[in-house]
Each structure stands twice: as structure tokens, then as C-alpha cells.
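Only one structure is covered here, and it is reproduced in the block below.
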Amino acid sequence: MVNSMLHFIKKSPTCFHAVRNVAQTLEQKGYVNLTDGGVPEKGGKYYVTKNGSSLIAFRLPQAEPHGFMTAASHSDSPCLRLRDTAELAASYVRLSSERYGGLIHASWIDRPLSIAGRVLVDADDRVESRLVDFEKDMVLIPNVAIHLNREMNSGVKYDPSSDLVPLYGLGSAKGSFRKELAALAGCEEEQLLATDLYVYNNQPGTVWGAEDAFVSSPRLDDLACVYTSLQAFLLAKEAASVPVLAIFDNEEIGSETKQGAGSTFLADTMQEICSALGLELSRMLRQSFMLSCDNGHGLHPNHPELADRTEAPMLGSGVIIKHSPRYATDGVATAVFSQICKKAGVPLQHYSNRPDQAGGATLGNIANTKTGMLTADIGMAQLAMHSSFETAAAADTAYMIRAVQAVYETALTVKGDTVTMG
């Protein structure tokens, strides 16, 4: 199971590849793509995509459904994004880039990196999107030698405009990047119209440590949640509610895009389901529940002082439910999710930021500005979040799948402040 997750992450260097891989898995399981049209019917299995980087899948029961049970995660990760005019040529050829999300700068230095994403191609007066992945080591961001900066080990503040520029080649390589890119895309260089390209860490994930306790990989935040939610969605037995798998792009930069959690993508899809089945969306949403799935900070072995004294989850000790004014979790959601996990035999941990730390935000509250569902922010505990190589516990992969599956197999009846689970 863990190795399958690492394989999925390896095949998903960008948000576009992640969504394509999820879509391919769904189609192998009989799901129909409604992106370009079609009406959902009772008993059907469907998915839709947005921008090629967000996806929503759902199954409809034969009987009239009772609310939506949703697991939402995100397809993007912090990284460096290449600009369309990428080459900076002088003595060396470098590639112009900018930060995407809150990456840990030092983790991207002195390691071979690759490039992937999508290119927009002029194909006989038609704009065509093609995914590309160089896969091989393409660039590297070199450190300054300690002889030239004696304060290197006293803490370095990286200037993104000079210190985070990927090195691509010697001066003789000028003009070759677009040639390589066009060849990879299967087109002529003059056919390249635009690009959405990202620098990524192509180091394979690994299971390591005593008793194979740990798993480390690029993009655990948040592809680990994409993978576990997908597996739970496919494994879940039919219930009275509509199971929904939602994968959004752009969480790392605020979600306020046409394919982000702040868009109308989820609400529009739910409305289309209700319209096709003759149901009222507002009534369905009142009986609905959403998991906002995004990993959280585990207790750091070298810096336990950075964690809250009472709510600092351990790696390998179960799914975490996250509490903060910036999260969507409230008391009702905590109680409901706790009961579901207890029934499923999944250990549950609680996470809160230290009171003097603001912490990060997730997509739960953002998505709920359009849908207003009862929501719990959950995830797996991990170390080095937003590093180019992150660490979690192998055991938590199975716990996460079981917890999300149990939610999919539950239907809620909400009357006032009383919630009945069936």
C-alpha cells in the first residue's frame, strides 16, 4: 500500500499529472468523464475535471440520495515555477523561475531536479494541451561555497532572484531548452504557444528506518491525501449518501482560482447532480459532511518545544484532526468524525498550533464559502512540511484510508444540533 502511494507520487510530478493519473484510475474502474457534457443518472459513476489540474468524482445510488459525503484534498505542492521565457543566458544558461507556495528554500539547493508540467501547442489552428515530464535530472541550484560565505552555517537568507535560480547548462547551451521541450512535446519549436512548467524533485520516495516505520518522498503534502482519499473512495461500500472525491489545485497559493477550492467548481457540480436527480441542493447540503484532507505537523524529534504541549500528534499513531480558528473543524465535526473513527477502529489524534503560532490554513473553510457543509480538517502527521523531501509514518497511510472510507460509508441525518449517523 505504501509502495503504491510512492509509485503514484513518482508518476505525479505536477498537479496536471496527478489529476491525469487519478482520472485514468477512475476510468479503469468504469467512471465516465462528464467534463465535456452529459447528464448524471442514478446508479452511474462519473468524474469531471477543471483546468486539467482539479477533479471531482462521484457515484449515484439507485435510491434517492441522502446528502454528500466528501473528501477534499489538493493536487499542488510548493515548488519553483518556470516562466514562459525561461532562459537566462550568459556564461551559464539558467532558467528564470519564481516561488510557488511556501517552499523551504534550503531543501531545493544542491540536489538534481527535473522539470514537468504542460505546454500549449498550436496544432492546426487548435490550441492543444500536452503534458510533459523530462524525468531525468535537468537542473540544479548550487550553493555558495563556505569559503566565499563564512556565515553559511550561521543561517542564510536566500534571495529568490539570485539564490534560487536553476542552473541548466553552460553558455553553449543557449537556446536549447525550448528545443528540448518541443521535442518532448512532439511538436516544432515554433508551435509552442505557452507553458505551465514546474521544477520538481524527482528523487524516488523510500520506506526506511527501524521496522520500516518511516516513509519519505517529495510532495507528501498533499499527494499522500490525494492517494489515500482515492483509495478510500474506490473501496467504500454503497451508502445512502453520494460519495464525492474532490481534488483542487492552487491550495498552496490561496485557492482563489477557477480550479481552486474558492471557486464554484464543487458547488456547481453538486448543483448539476441535484438538478439531474430532481433534488434541492440546500437540503442535500444540510445532511452533508466534508473532510478537508491535508497533512499536519507531527511532533518534531529535535524540536518538541515548537509543538503545543497537549495536542502534538506522533507519526504512526493515527489520523489527526486539526483544530484552529483557521480550520473548518468545530465541536460538532469533531464529535462526528471521532465517532466514525472509533467505530472503524482507527486511532485518532488531535492537533492544535502552539497558542503563539498562527499556523497554516487549509481548503476546508475556503470551500465552505460556496457549500457550507459540516467539515473536519484531517490528515496524517508529517515532518518537514513544505520541504522538497518530506517524512511521514508508513502505518498512517492505512489509517487514513480506513478513516476516509468509513466516512464515505456513513450517512448523516442532521436535525438542529443533533446528528444521527447511519
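Ordered as shown in the C-alpha cells, chains take letters A, B, and onward, while each chain numbers its residues from 1 and ligands are numbered from 1 in the order shown.
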
With 12 Å as the cut-off and only C-alpha atoms counted, what is the closest atom pair between each nearby residue of range 244-350 of chain A and range 377-389 of chain A? Distances in Å to one decimal, ordered by chain and number, as a Markdown table.
| residue | atom | partner | partner_atom | distance |
| --- | --- | --- | --- | --- |
| A:Glu252 | CA | A:His386 | CA | 9.7 |
| A:Phe289 | CA | A:Asp377 | CA | 11.2 |
| A:Met290 | CA | A:Asp377 | CA | 8.5 |
| A:Leu291 | CA | A:Asp377 | CA | 5.9 |
| A:Ser292 | CA | A:Asp377 | CA | 4.6 |
| A:Cys293 | CA | A:Ile378 | CA | 5.1 |
| A:Asp294 | CA | A:Gly379 | CA | 4.9 |
| A:Asn295 | CA | A:Gly379 | CA | 4.2 |
| A:Gly296 | CA | A:Ala381 | CA | 5.0 |
| A:His297 | CA | A:Gln382 | CA | 5.4 |
| A:Gly298 | CA | A:Ala381 | CA | 4.5 |
| A:Leu299 | CA | A:Leu383 | CA | 7.8 |
| A:His300 | CA | A:Leu383 | CA | 6.7 |
| A:Pro301 | CA | A:Leu383 | CA | 9.1 |
| A:Asn302 | CA | A:Leu383 | CA | 10.8 |
| A:His303 | CA | A:Leu383 | CA | 11.0 |
| A:Pro304 | CA | A:Leu383 | CA | 11.8 |
| A:Ala307 | CA | A:Leu383 | CA | 11.9 |
| A:Glu311 | CA | A:Ala381 | CA | 11.9 |
| A:Ala312 | CA | A:Ala381 | CA | 9.3 |
| A:Pro313 | CA | A:Ala381 | CA | 6.5 |
| A:Met314 | CA | A:Ala381 | CA | 6.7 |
| A:Leu315 | CA | A:Ala381 | CA | 5.4 |
| A:Gly316 | CA | A:Ala381 | CA | 7.8 |
| A:Ser317 | CA | A:Ala381 | CA | 8.6 |
| A:Gly318 | CA | A:Met380 | CA | 7.4 |
| A:Val319 | CA | A:Met380 | CA | 5.4 |
| A:Ile320 | CA | A:Gly379 | CA | 5.5 |
| A:Ile321 | CA | A:Ile378 | CA | 4.4 |
| A:Lys322 | CA | A:Asp377 | CA | 5.4 |
| A:His323 | CA | A:Asp377 | CA | 7.6 |
| A:Ser324 | CA | A:Asp377 | CA | 9.6 |
| A:Pro325 | CA | A:Asp377 | CA | 11.4 |
| A:Arg326 | CA | A:Asp377 | CA | 10.1 |
| A:Tyr327 | CA | A:Asp377 | CA | 6.4 |
| A:Ala328 | CA | A:Asp377 | CA | 6.2 |
| A:Thr329 | CA | A:Asp377 | CA | 5.6 |
| A:Asp330 | CA | A:Asp377 | CA | 9.3 |
| A:Gly331 | CA | A:Asp377 | CA | 11.8 |
| A:Ala333 | CA | A:Asp377 | CA | 8.9 |
| A:Thr334 | CA | A:Asp377 | CA | 9.1 |
| A:Phe337 | CA | A:Ile378 | CA | 9.4 |
| A:Ser338 | CA | A:Ile378 | CA | 11.1 |
| A:Cys341 | CA | A:Ile378 | CA | 11.7 |
| A:Pro347 | CA | A:Met380 | CA | 11.5 |
| A:Leu348 | CA | A:Ile378 | CA | 9.8 |
| A:Gln349 | CA | A:Ala381 | CA | 9.2 |
| A:His350 | CA | A:Ile378 | CA | 9.2 |

DSSP-assigned strand (DSSP E) members of range 130-379 of chain A, reported as a ChimeraX atom specification: /A:130-133,167-170,192-200,206-208,214-217,242-248,289-293,296-297,319-323,348-352,374-379

Distance query range 140-153 of chain A at most 6 Å, only C-alpha atoms, self and fewer than 3 positions along chain excluded, as a tab-separated table (two decimals) with C-alpha atoms, in the first residue's frame:
chain	number	residue	atom	x	y	z
A	109	ILE	CA	19.67	23.56	-3.02
A	110	ASP	CA	22.43	21.24	-4.28
A	111	ARG	CA	20.16	18.47	-5.46
A	112	PRO	CA	19.45	17.37	-9.05
A	113	LEU	CA	15.96	18.47	-10.10
A	156	VAL	CA	21.42	32.06	5.35
A	166	PRO	CA	18.16	26.80	-11.51
A	167	LEU	CA	21.35	26.12	-13.48

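From CA of Leu277 in chain A back to CA of Leu34 in chain A, the distance works out to 15.6 Å.
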
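Residues in contact with range 11-22 of chain A at 7 Å, where only C-alpha atoms are counted and same-chain residues fewer than 5 positions away are skipped, are listed as A:Gly52, A:Ser53, A:Ser54, A:Leu55, A:Ser75, A:Asp76, A:Ala116, A:Gly117, A:Tyr200, A:Asp249.
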
Please produce a file of those selected residues containing N, CA and C atoms, as an mmCIF file, in the first residue's frame.
data_model
loop_
_atom_site.group_PDB
_atom_site.id
_atom_site.type_symbol
_atom_site.label_atom_id
_atom_site.label_comp_id
_atom_site.auth_asym_id
_atom_site.auth_seq_id
_atom_site.Cartn_x
_atom_site.Cartn_y
_atom_site.Cartn_z
ATOM 1 N N GLY A 52 -7.564 20.772 -16.083
ATOM 2 C CA GLY A 52 -6.649 19.641 -16.103
ATOM 3 C C GLY A 52 -5.905 19.447 -14.806
ATOM 4 N N SER A 53 -6.213 20.271 -13.779
ATOM 5 C CA SER A 53 -5.479 20.190 -12.517
ATOM 6 C C SER A 53 -6.378 20.003 -11.298
ATOM 7 N N SER A 54 -7.689 20.017 -11.495
ATOM 8 C CA SER A 54 -8.657 19.737 -10.427
ATOM 9 C C SER A 54 -9.648 18.705 -10.932
ATOM 10 N N LEU A 55 -10.200 17.927 -10.022
ATOM 11 C CA LEU A 55 -11.099 16.830 -10.408
ATOM 12 C C LEU A 55 -12.124 16.590 -9.310
ATOM 13 N N SER A 75 -3.966 19.060 -5.278
ATOM 14 C CA SER A 75 -3.034 18.427 -6.207
ATOM 15 C C SER A 75 -1.695 19.146 -6.310
ATOM 16 N N ASP A 76 -1.608 20.367 -5.791
ATOM 17 C CA ASP A 76 -0.381 21.155 -5.941
ATOM 18 C C ASP A 76 0.496 21.047 -4.707
ATOM 19 N N ALA A 116 8.633 19.422 -15.200
ATOM 20 C CA ALA A 116 7.422 18.809 -15.753
ATOM 21 C C ALA A 116 6.300 19.836 -15.761
ATOM 22 N N GLY A 117 5.222 19.506 -16.435
ATOM 23 C CA GLY A 117 4.063 20.384 -16.481
ATOM 24 C C GLY A 117 3.282 20.186 -17.760
ATOM 25 N N TYR A 200 10.787 20.194 -10.158
ATOM 26 C CA TYR A 200 10.371 19.261 -9.101
ATOM 27 C C TYR A 200 11.505 18.341 -8.714
ATOM 28 N N ASP A 249 -6.755 22.352 -7.170
ATOM 29 C CA ASP A 249 -5.443 22.929 -7.422
ATOM 30 C C ASP A 249 -5.312 24.240 -6.636
#

Using the chain letters and numbers from this document, which residues of range 116-244 of chain A does DSSP assign to alpha helix (DSSP H), as a ChimeraX atom specification? /A:160-163,176-185,220-235

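Distances to Val407 in chain A were evaluated for A:Asp84, A:Asp268, A:Glu238, A:Asp125 using only C-alpha atoms, and the minimum falls at A:Glu238.
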